[in-house]
Amino acid sequence: MFLRDIWIPVTIFLVVSCVVCLGFRSETEAETISASPLVATEKLIRTENYYEAILALQPLLMSDTKSKEQEEALWLAHTLLVKWEKEIIKNGAFGKDTHQKIGILNKLGADFDNVEINFGYRYGFLHRLIDAYPDTPKQPIIEYALIQSGYPVPQDFDASLSALHDYIKKYEKTGRAEVYKAYLDIAHIHHGIWAVLTFPDHPYVAMFDTFGTGDPEKDKKLADSHREIALKYYAKFYINPHGLIDSFDYGFYDFNDENGFQLLKRNAEFGWNFILYGC
């Protein structure tokens with residue numbers, strides 16, 4: 001009698017439990033599947049397989065569906081590609097294999113537009129990220145990065161300087177590291193212009209004939225004004241609280257113990273590199 005009385009409630013409980021468990025299992029499996037590209041990428045990052053880590057993000061990078069996972073995937077793809085690019089340059093791993101990989105990355109949205117890899121990646125993942133997710137918390141970082149979009153040489157001095165000043169005006173009160181990086185960019189550009197105006201006969205500078213007015217007096221005054229601006233922004237950069245350093249390879253040019261600020265203060269014959277070859 002007792003068993004008969006509890007049979008129906010027990011049966012109902014078991015059925016409901018099974019349904020809940022199956023539902024939970026299905027939901028958990030769905031979450032695992034949707035997160036799997038990010039999980040796979042994280043595992044590959046731990047083994048320093050950066051190129052393969054980007055490829056693992058393909059389902060999210062190629063999807064037309066917006067999601068938090070895709071937002072993270074676009075950011076990860078960018079950071080991983082920057083790291084991979086540096087590794088290629090450091091190890092001199094150029095060649096057919098690298099070019100094939102670049103072709104695959106372009107299909108994912110990387111936007112390499114030059115076979116010279118150190119001038120190639122144009123931040124395609126960041127462009128897509130900020131276009132698709134304009135409210136991303138990483139917006140200030142992305143805005144700074146896209147001022148040059150991967151170009152080491154300013155494509156247009158006036159446009160670059162204007163964009164850098166606009167960025168500083170927008171974020172200066174935040175004290176962000178990128179603001180101090182913008183100070184250094186401004187210093188380097190003005191330092192470079194000072195150098196080409198001051199040393200027009202130097203072999204490296206002489207290859208370019210688009211600088212200066214042709215009037216020595218006017219060019220000297222113009223150079224002096226660029227020097228003062230460069231020194232001002234170098235000084236702003238060097239008091240940064242983020243531990244940032246001027247990472248330009250001065251040692252390559254036999255200035256092992258000095259930086260751009262020090263070289264400009266003593267009017268060293270140097271600086272055109274910033275606007276002719278990149279900083």
# chains A, B, ... in the order shown; residues from 1 in each chain; ligands from 1
call {"tool": "residues_around", "arguments": {"residues": "Asp215 of chain A", "least_positions_apart": "5", "cutoff": "12 Å", "atoms": "only C-alpha atoms", "output": "MDAnalysis selection string"}}
result
chainID A and resid 197 200 220:223
call {"tool": "residues_around", "arguments": {"residues": "Lys66 of chain A", "least_positions_apart": "4", "cutoff": "8 Å", "atoms": "only C-alpha atoms", "output": "NGL selection string"}}
result
:A and (70-71 or 132)
call {"tool": "closest_atom_pairs", "arguments": {"of": "segment 210-263 of chain A", "to": "segment 267-279 of chain A", "cutoff": "8 Å", "atoms": "only C-alpha atoms", "output": "Markdown table"}}
result
| residue | atom | partner | partner_atom | distance |
| --- | --- | --- | --- | --- |
| A:Phe248 | CA | A:Cys279 | CA | 6.4 |
| A:Gly260 | CA | A:Gly271 | CA | 7.7 |
| A:Leu263 | CA | A:Ala268 | CA | 5.2 |
call {"tool": "closest_atom_pairs", "arguments": {"of": "segment 108-150 of chain A", "to": "segment 160-183 of chain A", "cutoff": "10 Å", "atoms": "only C-alpha atoms", "output": "Markdown table"}}
result
| residue | atom | partner | partner_atom | distance |
| --- | --- | --- | --- | --- |
| A:Pro140 | CA | A:Tyr171 | CA | 7.9 |
| A:Ile141 | CA | A:Glu178 | CA | 6.8 |
| A:Ile142 | CA | A:Glu178 | CA | 9.8 |
| A:Glu143 | CA | A:Tyr167 | CA | 7.8 |
| A:Tyr144 | CA | A:Glu178 | CA | 6.6 |
| A:Ala145 | CA | A:Glu178 | CA | 8.7 |
| A:Leu146 | CA | A:Ala163 | CA | 9.8 |
| A:Ile147 | CA | A:Ala163 | CA | 6.4 |
| A:Gln148 | CA | A:Ser160 | CA | 7.3 |
call {"tool": "write_last_selection", "arguments": {"atoms": "all heavy atoms", "output": "compact mmCIF listing (two decimals), in the first residue's frame"}}
result
# COMPACT_ATOMS: atom_id res chain seq x y z
N PRO A 140 39.80 52.77 -26.30
CA PRO A 140 40.91 53.72 -26.26
C PRO A 140 42.23 53.13 -26.76
O PRO A 140 43.02 53.82 -27.41
CB PRO A 140 41.02 54.08 -24.77
CG PRO A 140 39.66 53.79 -24.22
CD PRO A 140 39.19 52.58 -24.96
N ILE A 141 42.45 51.85 -26.48
CA ILE A 141 43.67 51.19 -26.94
C ILE A 141 43.64 51.09 -28.46
O ILE A 141 44.63 51.35 -29.15
CB ILE A 141 43.80 49.78 -26.33
CG1 ILE A 141 43.80 49.86 -24.81
CG2 ILE A 141 45.05 49.08 -26.84
CD1 ILE A 141 43.76 48.51 -24.13
N ILE A 142 42.48 50.69 -28.98
CA ILE A 142 42.34 50.49 -30.42
C ILE A 142 42.46 51.82 -31.17
O ILE A 142 43.10 51.90 -32.22
CB ILE A 142 41.00 49.80 -30.73
CG1 ILE A 142 40.95 48.41 -30.09
CG2 ILE A 142 40.78 49.70 -32.23
CD1 ILE A 142 39.60 47.75 -30.16
N GLU A 143 41.84 52.87 -30.63
CA GLU A 143 41.90 54.17 -31.28
C GLU A 143 43.35 54.63 -31.46
O GLU A 143 43.73 55.15 -32.51
CB GLU A 143 41.13 55.21 -30.47
CG GLU A 143 39.62 55.10 -30.60
CD GLU A 143 38.91 56.19 -29.82
OE1 GLU A 143 39.55 57.23 -29.52
OE2 GLU A 143 37.74 56.02 -29.49
N TYR A 144 44.15 54.42 -30.43
CA TYR A 144 45.56 54.81 -30.53
C TYR A 144 46.27 53.97 -31.59
O TYR A 144 46.99 54.49 -32.44
CB TYR A 144 46.27 54.67 -29.18
CG TYR A 144 47.77 54.77 -29.32
CD1 TYR A 144 48.38 56.00 -29.54
CD2 TYR A 144 48.57 53.63 -29.28
CE1 TYR A 144 49.75 56.10 -29.72
CE2 TYR A 144 49.94 53.71 -29.45
CZ TYR A 144 50.53 54.95 -29.67
OH TYR A 144 51.88 55.03 -29.86
N ALA A 145 46.06 52.67 -31.54
CA ALA A 145 46.74 51.77 -32.47
C ALA A 145 46.40 52.10 -33.92
O ALA A 145 47.25 52.01 -34.82
CB ALA A 145 46.39 50.32 -32.17
N LEU A 146 45.16 52.49 -34.16
CA LEU A 146 44.71 52.72 -35.53
C LEU A 146 45.15 54.07 -36.10
O LEU A 146 44.95 54.31 -37.30
CB LEU A 146 43.19 52.59 -35.62
CG LEU A 146 42.62 51.19 -35.39
CD1 LEU A 146 41.12 51.17 -35.60
CD2 LEU A 146 43.30 50.17 -36.32
N ILE A 147 45.76 54.91 -35.29
CA ILE A 147 46.27 56.18 -35.83
C ILE A 147 47.29 55.90 -36.92
O ILE A 147 47.34 56.57 -37.95
CB ILE A 147 46.89 57.03 -34.70
CG1 ILE A 147 45.77 57.56 -33.78
CG2 ILE A 147 47.68 58.21 -35.28
CD1 ILE A 147 46.28 58.28 -32.55
N GLN A 148 48.11 54.88 -36.71
CA GLN A 148 49.11 54.50 -37.71
C GLN A 148 48.76 53.20 -38.42
O GLN A 148 49.33 52.88 -39.45
CB GLN A 148 50.49 54.37 -37.06
CG GLN A 148 51.13 55.71 -36.70
CD GLN A 148 51.50 56.54 -37.91
OE1 GLN A 148 50.73 57.39 -38.34
NE2 GLN A 148 52.65 56.29 -38.48
call {"tool": "closest_atom_pairs", "arguments": {"of": "segment 34-82 of chain A", "to": "segment 97-109 of chain A", "cutoff": "7 Å", "atoms": "only C-alpha atoms", "output": "tab-separated table"}}
result
residue	atom	partner	partner_atom	distance
A:Gln58	CA	A:Leu108	CA	6.9
A:Leu61	CA	A:Leu108	CA	6.4
A:Met62	CA	A:Leu108	CA	6.6
call {"tool": "atom_distance", "arguments": {"atom1": "atom CA of Pro37 of chain A", "atom2": "atom CA of Gly92 of chain A"}}
result
29.4 Å
call {"tool": "decode", "arguments": {"residues": "segment 250-270 of chain A", "atoms": "N, CA and C atoms", "output": "mmCIF file, in the first residue's frame"}}
result
data_model
loop_
_atom_site.group_PDB
_atom_site.id
_atom_site.type_symbol
_atom_site.label_atom_id
_atom_site.label_comp_id
_atom_site.auth_asym_id
_atom_site.auth_seq_id
_atom_site.Cartn_x
_atom_site.Cartn_y
_atom_site.Cartn_z
ATOM 1 N N TYR A 250 68.349 52.451 -30.699
ATOM 2 C CA TYR A 250 69.407 53.437 -30.927
ATOM 3 C C TYR A 250 70.771 52.765 -31.058
ATOM 4 N N GLY A 251 70.936 51.609 -30.404
ATOM 5 C CA GLY A 251 72.202 50.890 -30.477
ATOM 6 C C GLY A 251 72.564 50.492 -31.889
ATOM 7 N N PHE A 252 71.543 50.264 -32.706
ATOM 8 C CA PHE A 252 71.783 49.896 -34.097
ATOM 9 C C PHE A 252 72.507 51.016 -34.835
ATOM 10 N N TYR A 253 72.316 52.249 -34.350
ATOM 11 C CA TYR A 253 72.957 53.411 -34.975
ATOM 12 C C TYR A 253 74.140 53.908 -34.132
ATOM 13 N N ASP A 254 74.687 53.004 -33.307
ATOM 14 C CA ASP A 254 75.872 53.299 -32.488
ATOM 15 C C ASP A 254 75.615 54.347 -31.409
ATOM 16 N N PHE A 255 74.386 54.417 -30.930
ATOM 17 C CA PHE A 255 74.073 55.276 -29.785
ATOM 18 C C PHE A 255 73.559 54.384 -28.654
ATOM 19 N N ASN A 256 74.458 53.623 -28.069
ATOM 20 C CA ASN A 256 74.064 52.613 -27.087
ATOM 21 C C ASN A 256 73.577 53.202 -25.767
ATOM 22 N N ASP A 257 74.134 54.337 -25.366
ATOM 23 C CA ASP A 257 73.847 54.871 -24.039
ATOM 24 C C ASP A 257 72.986 56.119 -24.079
ATOM 25 N N GLU A 258 72.393 56.423 -25.221
ATOM 26 C CA GLU A 258 71.567 57.625 -25.322
ATOM 27 C C GLU A 258 70.232 57.291 -25.971
ATOM 28 N N ASN A 259 69.256 58.139 -25.708
ATOM 29 C CA ASN A 259 67.949 58.000 -26.342
ATOM 30 C C ASN A 259 67.675 59.241 -27.192
ATOM 31 N N GLY A 260 66.518 59.271 -27.817
ATOM 32 C CA GLY A 260 66.195 60.376 -28.711
ATOM 33 C C GLY A 260 66.223 61.733 -28.041
ATOM 34 N N PHE A 261 65.720 61.781 -26.811
ATOM 35 C CA PHE A 261 65.693 63.026 -26.049
ATOM 36 C C PHE A 261 67.104 63.560 -25.865
ATOM 37 N N GLN A 262 68.010 62.700 -25.414
ATOM 38 C CA GLN A 262 69.394 63.115 -25.169
ATOM 39 C C GLN A 262 70.114 63.504 -26.461
ATOM 40 N N LEU A 263 69.853 62.739 -27.522
ATOM 41 C CA LEU A 263 70.498 63.032 -28.805
ATOM 42 C C LEU A 263 70.052 64.377 -29.358
ATOM 43 N N LEU A 264 68.775 64.676 -29.215
ATOM 44 C CA LEU A 264 68.265 65.942 -29.734
ATOM 45 C C LEU A 264 68.760 67.112 -28.895
ATOM 46 N N LYS A 265 68.865 66.919 -27.585
ATOM 47 C CA LYS A 265 69.341 68.000 -26.725
ATOM 48 C C LYS A 265 70.756 68.431 -27.088
ATOM 49 N N ARG A 266 71.567 67.479 -27.579
ATOM 50 C CA ARG A 266 72.929 67.855 -27.981
ATOM 51 C C ARG A 266 73.062 68.010 -29.493
ATOM 52 N N ASN A 267 71.919 68.060 -30.173
ATOM 53 C CA ASN A 267 71.890 68.296 -31.624
ATOM 54 C C ASN A 267 72.711 67.275 -32.407
ATOM 55 N N ALA A 268 72.627 66.016 -31.981
ATOM 56 C CA ALA A 268 73.356 64.952 -32.674
ATOM 57 C C ALA A 268 72.829 64.790 -34.094
ATOM 58 N N GLU A 269 73.719 64.372 -34.986
ATOM 59 C CA GLU A 269 73.340 64.179 -36.391
ATOM 60 C C GLU A 269 72.556 62.869 -36.504
ATOM 61 N N PHE A 270 71.305 62.964 -36.175
ATOM 62 C CA PHE A 270 70.446 61.778 -36.103
ATOM 63 C C PHE A 270 68.990 62.229 -36.023
#
